[in-house]
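Heads up, coords09.cif below (mmCIF, N, CA and C atoms):
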```
data_run
loop_
_atom_site.label_atom_id
_atom_site.label_comp_id
_atom_site.auth_asym_id
_atom_site.auth_seq_id
_atom_site.Cartn_x
_atom_site.Cartn_y
_atom_site.Cartn_z
N MET A 175 163.12 160.48 87.69
CA MET A 175 163.14 161.09 86.37
C MET A 175 162.92 162.59 86.52
N THR A 176 163.73 163.36 85.83
CA THR A 176 163.63 164.81 85.87
C THR A 176 163.13 165.30 84.51
N LEU A 177 162.14 166.16 84.54
CA LEU A 177 161.62 166.74 83.30
C LEU A 177 162.39 168.01 82.98
N GLU A 178 162.72 168.18 81.72
CA GLU A 178 163.36 169.41 81.28
C GLU A 178 162.26 170.44 81.05
N MET A 179 162.33 171.52 81.76
CA MET A 179 161.32 172.57 81.65
C MET A 179 161.62 173.45 80.45
N LYS A 180 160.63 173.62 79.60
CA LYS A 180 160.76 174.49 78.43
C LYS A 180 159.57 175.43 78.41
N PRO A 181 159.79 176.67 78.03
CA PRO A 181 158.66 177.59 77.95
C PRO A 181 157.69 177.17 76.85
N MET A 182 156.43 177.50 77.07
CA MET A 182 155.40 177.19 76.08
C MET A 182 154.80 178.51 75.60
N ALA A 183 154.63 178.64 74.32
CA ALA A 183 154.08 179.86 73.76
C ALA A 183 152.62 180.04 74.18
N ALA A 184 152.26 181.29 74.43
CA ALA A 184 150.87 181.60 74.77
C ALA A 184 149.96 181.13 73.64
N GLY A 185 148.89 180.50 73.97
CA GLY A 185 147.95 180.01 72.96
C GLY A 185 148.20 178.59 72.53
N ASP A 186 149.33 177.99 72.90
CA ASP A 186 149.61 176.60 72.52
C ASP A 186 148.89 175.60 73.41
N ARG A 187 148.39 176.07 74.54
CA ARG A 187 147.68 175.17 75.45
C ARG A 187 146.46 175.90 75.99
N ARG A 188 145.35 175.19 76.08
CA ARG A 188 144.13 175.72 76.70
C ARG A 188 143.73 174.77 77.81
N ILE A 189 143.32 175.32 78.93
CA ILE A 189 142.92 174.52 80.07
C ILE A 189 141.57 175.01 80.56
N ALA A 190 140.67 174.09 80.86
CA ALA A 190 139.37 174.44 81.42
C ALA A 190 138.94 173.32 82.36
N ASN A 191 138.32 173.67 83.45
CA ASN A 191 137.79 172.68 84.37
C ASN A 191 136.33 172.43 83.99
N ILE A 192 135.96 171.17 83.77
CA ILE A 192 134.60 170.85 83.30
C ILE A 192 133.53 171.21 84.31
N HIS A 193 133.91 171.45 85.56
CA HIS A 193 132.93 171.79 86.59
C HIS A 193 132.73 173.30 86.74
N THR A 194 133.69 174.09 86.26
CA THR A 194 133.60 175.54 86.45
C THR A 194 133.64 176.34 85.14
N ALA A 195 134.02 175.73 84.05
CA ALA A 195 134.16 176.44 82.77
C ALA A 195 132.79 176.80 82.20
N LYS A 196 132.77 177.83 81.38
CA LYS A 196 131.55 178.25 80.70
C LYS A 196 131.37 177.38 79.45
N PHE A 197 130.23 176.71 79.36
CA PHE A 197 129.89 175.91 78.19
C PHE A 197 129.15 176.80 77.20
N GLU A 198 129.27 176.45 75.91
CA GLU A 198 128.58 177.20 74.86
C GLU A 198 127.30 176.46 74.47
N GLU A 199 126.19 177.20 74.39
CA GLU A 199 124.92 176.60 74.00
C GLU A 199 125.05 175.98 72.61
N PHE A 200 124.52 174.77 72.45
CA PHE A 200 124.55 174.13 71.14
C PHE A 200 123.28 174.50 70.39
N VAL A 201 123.46 175.05 69.20
CA VAL A 201 122.33 175.42 68.34
C VAL A 201 122.48 174.66 67.04
N TYR A 202 121.45 173.92 66.67
CA TYR A 202 121.47 173.17 65.41
C TYR A 202 121.50 174.14 64.22
N PRO A 203 121.98 173.68 63.06
CA PRO A 203 122.06 174.56 61.89
C PRO A 203 120.74 175.22 61.52
N ASP A 204 119.60 174.57 61.85
CA ASP A 204 118.30 175.17 61.53
C ASP A 204 117.81 176.12 62.63
N GLY A 205 118.66 176.39 63.64
CA GLY A 205 118.33 177.35 64.69
C GLY A 205 117.71 176.76 65.94
N LEU A 206 117.41 175.47 65.95
CA LEU A 206 116.80 174.83 67.12
C LEU A 206 117.84 174.71 68.25
N ALA A 207 117.44 175.10 69.46
CA ALA A 207 118.26 174.94 70.66
C ALA A 207 117.44 174.16 71.68
N LEU A 208 118.03 173.12 72.27
CA LEU A 208 117.31 172.25 73.20
C LEU A 208 117.79 172.39 74.64
N GLY A 209 118.77 173.26 74.88
CA GLY A 209 119.30 173.45 76.22
C GLY A 209 120.61 172.75 76.49
N ASP A 210 121.09 171.95 75.53
CA ASP A 210 122.37 171.28 75.70
C ASP A 210 123.51 172.27 75.44
N ALA A 211 124.70 171.94 75.94
CA ALA A 211 125.83 172.86 75.83
C ALA A 211 127.13 172.07 75.68
N ILE A 212 128.14 172.75 75.12
CA ILE A 212 129.40 172.09 74.77
C ILE A 212 130.58 172.93 75.27
N LEU A 213 131.60 172.23 75.75
CA LEU A 213 132.89 172.82 76.08
C LEU A 213 133.89 172.21 75.11
N GLN A 214 134.41 173.04 74.21
CA GLN A 214 135.29 172.54 73.15
C GLN A 214 136.44 173.51 72.95
N HIS A 215 137.66 173.03 73.08
CA HIS A 215 138.83 173.89 72.91
C HIS A 215 139.23 174.11 71.45
N ASP A 216 139.05 173.11 70.60
CA ASP A 216 139.48 173.23 69.20
C ASP A 216 138.47 174.05 68.42
N THR A 217 138.77 175.33 68.27
CA THR A 217 137.85 176.24 67.58
C THR A 217 138.01 176.17 66.06
N ASP A 218 138.95 175.34 65.57
CA ASP A 218 139.09 175.15 64.13
C ASP A 218 138.03 174.20 63.58
N LEU A 219 137.37 173.46 64.48
CA LEU A 219 136.32 172.52 64.08
C LEU A 219 134.96 173.08 64.42
N PRO A 220 133.92 172.68 63.68
CA PRO A 220 132.56 173.11 64.05
C PRO A 220 132.22 172.66 65.47
N LEU A 221 131.47 173.48 66.18
CA LEU A 221 131.05 173.13 67.54
C LEU A 221 130.35 171.78 67.54
N GLY A 222 130.78 170.89 68.42
CA GLY A 222 130.17 169.56 68.52
C GLY A 222 130.86 168.50 67.69
N THR A 223 131.98 168.82 67.08
CA THR A 223 132.77 167.81 66.37
C THR A 223 134.16 167.76 66.99
N GLY A 224 134.90 166.70 66.68
CA GLY A 224 136.18 166.51 67.34
C GLY A 224 135.94 166.11 68.79
N PHE A 225 136.88 166.47 69.66
CA PHE A 225 136.74 166.15 71.09
C PHE A 225 136.10 167.32 71.82
N HIS A 226 135.12 167.00 72.67
CA HIS A 226 134.45 168.02 73.47
C HIS A 226 133.75 167.38 74.67
N VAL A 227 133.33 168.22 75.59
CA VAL A 227 132.52 167.79 76.72
C VAL A 227 131.11 168.32 76.47
N TYR A 228 130.14 167.44 76.63
CA TYR A 228 128.75 167.72 76.26
C TYR A 228 127.86 167.60 77.49
N ARG A 229 127.07 168.64 77.76
CA ARG A 229 126.17 168.65 78.91
C ARG A 229 124.72 168.68 78.43
N MET A 230 123.93 167.74 78.95
CA MET A 230 122.49 167.70 78.67
C MET A 230 121.75 168.00 79.97
N PRO A 231 120.78 168.92 79.94
CA PRO A 231 120.01 169.21 81.15
C PRO A 231 118.98 168.11 81.43
N ALA A 232 118.53 168.05 82.66
CA ALA A 232 117.52 167.07 83.07
C ALA A 232 116.29 167.16 82.17
N GLY A 233 115.80 166.00 81.75
CA GLY A 233 114.59 165.92 80.93
C GLY A 233 114.79 166.13 79.45
N MET A 234 116.01 166.35 79.00
CA MET A 234 116.25 166.62 77.58
C MET A 234 116.27 165.34 76.75
N THR A 235 115.72 165.43 75.55
CA THR A 235 115.80 164.38 74.54
C THR A 235 116.48 164.98 73.32
N THR A 236 117.51 164.30 72.80
CA THR A 236 118.17 164.79 71.59
C THR A 236 117.27 164.54 70.38
N ARG A 237 117.53 165.25 69.33
CA ARG A 237 116.85 164.97 68.06
C ARG A 237 117.30 163.60 67.56
N SER A 238 116.42 162.92 66.85
CA SER A 238 116.84 161.70 66.15
C SER A 238 117.84 162.13 65.09
N HIS A 239 118.93 161.38 64.99
CA HIS A 239 119.99 161.78 64.06
C HIS A 239 120.77 160.58 63.55
N ARG A 240 121.50 160.82 62.48
CA ARG A 240 122.40 159.83 61.87
C ARG A 240 123.82 160.36 62.03
N HIS A 241 124.72 159.47 62.42
CA HIS A 241 126.12 159.85 62.57
C HIS A 241 126.83 159.84 61.23
N MET A 242 127.55 160.91 60.97
CA MET A 242 128.35 161.05 59.75
C MET A 242 129.81 160.89 60.16
N GLY A 243 130.17 159.69 60.53
CA GLY A 243 131.48 159.38 61.08
C GLY A 243 131.28 158.72 62.43
N HIS A 244 132.28 157.99 62.88
CA HIS A 244 132.18 157.30 64.17
C HIS A 244 132.04 158.32 65.31
N GLU A 245 131.35 157.89 66.37
CA GLU A 245 131.25 158.67 67.60
C GLU A 245 131.60 157.77 68.78
N GLN A 246 132.35 158.33 69.73
CA GLN A 246 132.64 157.64 70.98
C GLN A 246 132.38 158.61 72.10
N PHE A 247 131.82 158.12 73.21
CA PHE A 247 131.66 158.98 74.37
C PHE A 247 131.78 158.19 75.66
N LEU A 248 132.17 158.92 76.71
CA LEU A 248 132.31 158.38 78.05
C LEU A 248 131.34 159.16 78.93
N ILE A 249 130.46 158.44 79.62
CA ILE A 249 129.53 159.10 80.54
C ILE A 249 130.33 159.48 81.80
N LEU A 250 130.45 160.77 82.07
CA LEU A 250 131.18 161.26 83.24
C LEU A 250 130.26 161.37 84.45
N GLU A 251 129.04 161.84 84.22
CA GLU A 251 128.06 162.02 85.28
C GLU A 251 126.67 161.75 84.71
N GLY A 252 125.78 161.25 85.54
CA GLY A 252 124.39 161.10 85.17
C GLY A 252 124.08 159.81 84.44
N GLU A 253 122.96 159.85 83.74
CA GLU A 253 122.42 158.66 83.07
C GLU A 253 121.86 159.08 81.71
N LEU A 254 122.02 158.21 80.72
CA LEU A 254 121.54 158.47 79.37
C LEU A 254 120.78 157.24 78.90
N ILE A 255 119.56 157.44 78.42
CA ILE A 255 118.73 156.34 77.95
C ILE A 255 118.59 156.46 76.44
N GLU A 256 118.97 155.40 75.73
CA GLU A 256 118.94 155.41 74.27
C GLU A 256 117.56 155.01 73.74
N SER A 257 117.32 155.32 72.47
CA SER A 257 116.03 155.06 71.84
C SER A 257 115.68 153.58 71.78
N ASP A 258 116.66 152.69 71.95
CA ASP A 258 116.36 151.25 72.00
C ASP A 258 116.19 150.75 73.43
N GLY A 259 116.22 151.67 74.42
CA GLY A 259 116.02 151.30 75.81
C GLY A 259 117.29 151.04 76.60
N THR A 260 118.44 151.03 75.95
CA THR A 260 119.71 150.82 76.65
C THR A 260 119.98 152.00 77.58
N VAL A 261 120.40 151.71 78.81
CA VAL A 261 120.71 152.74 79.79
C VAL A 261 122.22 152.79 80.00
N PHE A 262 122.79 153.98 79.82
CA PHE A 262 124.22 154.20 80.08
C PHE A 262 124.36 155.01 81.35
N ARG A 263 125.37 154.65 82.15
CA ARG A 263 125.63 155.34 83.41
C ARG A 263 127.09 155.76 83.49
N ALA A 264 127.41 156.57 84.49
CA ALA A 264 128.78 157.06 84.68
C ALA A 264 129.77 155.91 84.58
N GLY A 265 130.80 156.12 83.76
CA GLY A 265 131.83 155.11 83.55
C GLY A 265 131.65 154.31 82.28
N ASP A 266 130.47 154.37 81.66
CA ASP A 266 130.23 153.61 80.42
C ASP A 266 130.89 154.32 79.24
N LEU A 267 131.67 153.57 78.47
CA LEU A 267 132.32 154.05 77.27
C LEU A 267 131.57 153.45 76.08
N VAL A 268 131.07 154.31 75.18
CA VAL A 268 130.16 153.89 74.12
C VAL A 268 130.75 154.25 72.76
N PHE A 269 130.57 153.38 71.78
CA PHE A 269 131.02 153.61 70.40
C PHE A 269 129.84 153.44 69.46
N TYR A 270 129.65 154.38 68.55
CA TYR A 270 128.65 154.28 67.48
C TYR A 270 129.38 154.35 66.14
N ARG A 271 129.08 153.41 65.29
CA ARG A 271 129.67 153.35 63.95
C ARG A 271 129.05 154.41 63.05
N ASP A 272 129.82 154.86 62.09
CA ASP A 272 129.35 155.78 61.05
C ASP A 272 128.04 155.26 60.47
N GLY A 273 127.05 156.13 60.36
CA GLY A 273 125.76 155.76 59.80
C GLY A 273 124.72 155.34 60.83
N THR A 274 125.12 155.17 62.09
CA THR A 274 124.18 154.79 63.15
C THR A 274 123.12 155.86 63.33
N GLU A 275 121.87 155.43 63.57
CA GLU A 275 120.75 156.35 63.81
C GLU A 275 120.18 156.08 65.20
N HIS A 276 119.96 157.15 65.96
CA HIS A 276 119.39 157.01 67.31
C HIS A 276 119.03 158.38 67.87
N ASN A 277 118.47 158.38 69.07
CA ASN A 277 118.36 159.58 69.88
C ASN A 277 118.48 159.17 71.34
N SER A 278 118.65 160.15 72.24
CA SER A 278 118.94 159.88 73.64
C SER A 278 118.10 160.77 74.55
N TYR A 279 117.86 160.28 75.76
CA TYR A 279 117.10 161.02 76.77
C TYR A 279 117.85 160.93 78.10
N THR A 280 117.85 162.00 78.86
CA THR A 280 118.44 161.98 80.20
C THR A 280 117.41 162.47 81.22
N PRO A 281 117.04 161.62 82.16
CA PRO A 281 116.03 162.03 83.13
C PRO A 281 116.53 163.08 84.12
N ASN A 282 117.80 162.99 84.54
CA ASN A 282 118.33 163.88 85.57
C ASN A 282 119.52 164.70 85.11
N GLY A 283 119.80 164.71 83.81
CA GLY A 283 120.94 165.43 83.27
C GLY A 283 122.17 164.53 83.21
N CYS A 284 123.09 164.86 82.32
CA CYS A 284 124.32 164.07 82.21
C CYS A 284 125.43 164.90 81.60
N LEU A 285 126.65 164.41 81.79
CA LEU A 285 127.85 165.05 81.28
C LEU A 285 128.66 163.97 80.58
N LEU A 286 129.07 164.23 79.33
CA LEU A 286 129.79 163.24 78.54
C LEU A 286 131.06 163.84 77.96
N ALA A 287 132.12 163.03 77.89
CA ALA A 287 133.31 163.37 77.12
C ALA A 287 133.13 162.69 75.77
N VAL A 288 133.16 163.46 74.69
CA VAL A 288 132.76 162.97 73.37
C VAL A 288 133.86 163.19 72.34
N HIS A 289 134.02 162.22 71.44
CA HIS A 289 134.79 162.44 70.22
C HIS A 289 133.90 162.00 69.07
N ILE A 290 133.66 162.92 68.16
CA ILE A 290 132.81 162.64 67.00
C ILE A 290 133.50 163.19 65.76
N VAL A 291 133.56 162.37 64.73
CA VAL A 291 134.32 162.72 63.53
C VAL A 291 133.67 163.83 62.72
N GLY A 292 132.37 163.76 62.52
CA GLY A 292 131.69 164.75 61.70
C GLY A 292 130.34 165.13 62.26
N PRO A 293 129.73 166.18 61.76
CA PRO A 293 128.44 166.61 62.27
C PRO A 293 127.37 165.54 62.06
N GLU A 294 126.36 165.57 62.92
CA GLU A 294 125.24 164.63 62.80
C GLU A 294 124.21 165.20 61.83
N THR A 295 123.45 164.30 61.20
CA THR A 295 122.38 164.72 60.30
C THR A 295 121.04 164.46 60.98
N PRO A 296 120.23 165.50 61.24
CA PRO A 296 118.93 165.29 61.85
C PRO A 296 118.04 164.41 60.95
N LEU A 297 117.23 163.56 61.57
CA LEU A 297 116.31 162.69 60.82
C LEU A 297 114.90 163.26 60.81
N GLU A 298 114.68 164.35 61.49
CA GLU A 298 113.35 164.94 61.60
C GLU A 298 113.09 165.91 60.49
#
```

Show the structure stored in the file as structure tokens.
Amino acid sequence: MTLEMKPMAAGDRRIANIHTAKFEEFVYPDGLALGDAILQHDTDLPLGTGFHVYRMPAGMTTRSHRHMGHEQFLILEGELIESDGTVFRAGDLVFYRDGTEHNSYTPNGCLLAVHIVGPETPLE
């Protein structure tokens, strides 16, 4: 099979390597920053919504939150422990239904590929 090569307009494609790209610090709307960071190409959406790669540093615990839309993520590296004690490891694909409430902890840091429909609502 031969592909027909066509030029692509500048700006129509963005490429980043998850191991070398600069991640943006995630800051909650109330100004709280916990050390987590996001790599997200779609700048038309708020940071942390749509598809993105999410990095949590070792020892971090997320805020307790409620999902405002479904969330799905794939653990790329590391381990994530949920508030109910469930442990996710590299290769685990996870789905949370709209309205789900939880928080997460990573003992040694982790990297996730995430798709989330809408921003989370803190429960704290």

Excluding region 192-206 of chain A and its own-chain neighbours fewer than 3 positions away, which residues fall within 8 Å of it when counting only N, CA and C atoms? Please give them as a compact mmCIF listing (two decimals) with N, CA and C atoms, keeping the file's coordinate frame.
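selection.txt written:
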```txt
# COMPACT_ATOMS: atom_id res chain seq x y z
N ILE A 189 143.32 175.32 78.93
CA ILE A 189 142.92 174.52 80.07
C ILE A 189 141.57 175.01 80.56
N GLY A 209 118.77 173.26 74.88
CA GLY A 209 119.30 173.45 76.22
C GLY A 209 120.61 172.75 76.49
N ASP A 210 121.09 171.95 75.53
CA ASP A 210 122.37 171.28 75.70
C ASP A 210 123.51 172.27 75.44
N ALA A 211 124.70 171.94 75.94
CA ALA A 211 125.83 172.86 75.83
C ALA A 211 127.13 172.07 75.68
N ILE A 212 128.14 172.75 75.12
CA ILE A 212 129.40 172.09 74.77
C ILE A 212 130.58 172.93 75.27
N LEU A 213 131.60 172.23 75.75
CA LEU A 213 132.89 172.82 76.08
C LEU A 213 133.89 172.21 75.11
N GLN A 214 134.41 173.04 74.21
CA GLN A 214 135.29 172.54 73.15
C GLN A 214 136.44 173.51 72.95
N LEU A 221 131.47 173.48 66.18
CA LEU A 221 131.05 173.13 67.54
C LEU A 221 130.35 171.78 67.54
N GLY A 222 130.78 170.89 68.42
CA GLY A 222 130.17 169.56 68.52
C GLY A 222 130.86 168.50 67.69
N VAL A 227 133.33 168.22 75.59
CA VAL A 227 132.52 167.79 76.72
C VAL A 227 131.11 168.32 76.47
N ARG A 229 127.07 168.64 77.76
CA ARG A 229 126.17 168.65 78.91
C ARG A 229 124.72 168.68 78.43
```

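If you look at atom N of Leu285 (chain A) and atom C of Tyr228 (chain A), they are 5.5 Å away from each other.
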
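The neighbours of region 259-271 of chain A here are the residues that come within 6.5 Å of it, using all atoms listed in the file and leaving out any residue fewer than 5 positions away in the same chain; they are His241, Gly243, His244, Glu245, Gln246, Phe247, Leu248, Ile249, Leu250, Glu251, Gly252, Glu253 and Leu254 of chain A.
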
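Candidate residues A:Glu275, A:Val288, A:Lys180, A:Pro293 were compared for distance to His226 (chain A), and the nearest is A:Val288, using only N, CA and C atoms.
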
- Message: On this structure, the PyMOL selection byres ((chain A and resi 294-298) around 5) would catch which residues? List them as number ranges by chain, sorted by chain and number.
- Response: A: 238-242, 292-293

- Task: Write down as number ranges by chain the residues belonging to chain A that are assigned strand (DSSP E or B) by DSSP computed on the backbone.
- Result: A: 198-201, 207-213, 224-230, 235, 239-240, 245-256, 261-263, 267-270, 275-276, 278-279, 284-290, 295-296

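Atom C of Asn277 (chain A) lies 4.9 Å from atom C of Glu256 (chain A).
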
- Message: Considering only N, CA and C atoms, can you say which of A:Pro231, A:Leu286, A:Thr280, A:Met175 comes closest to Ile255 (chain A)?
- Response: A:Thr280
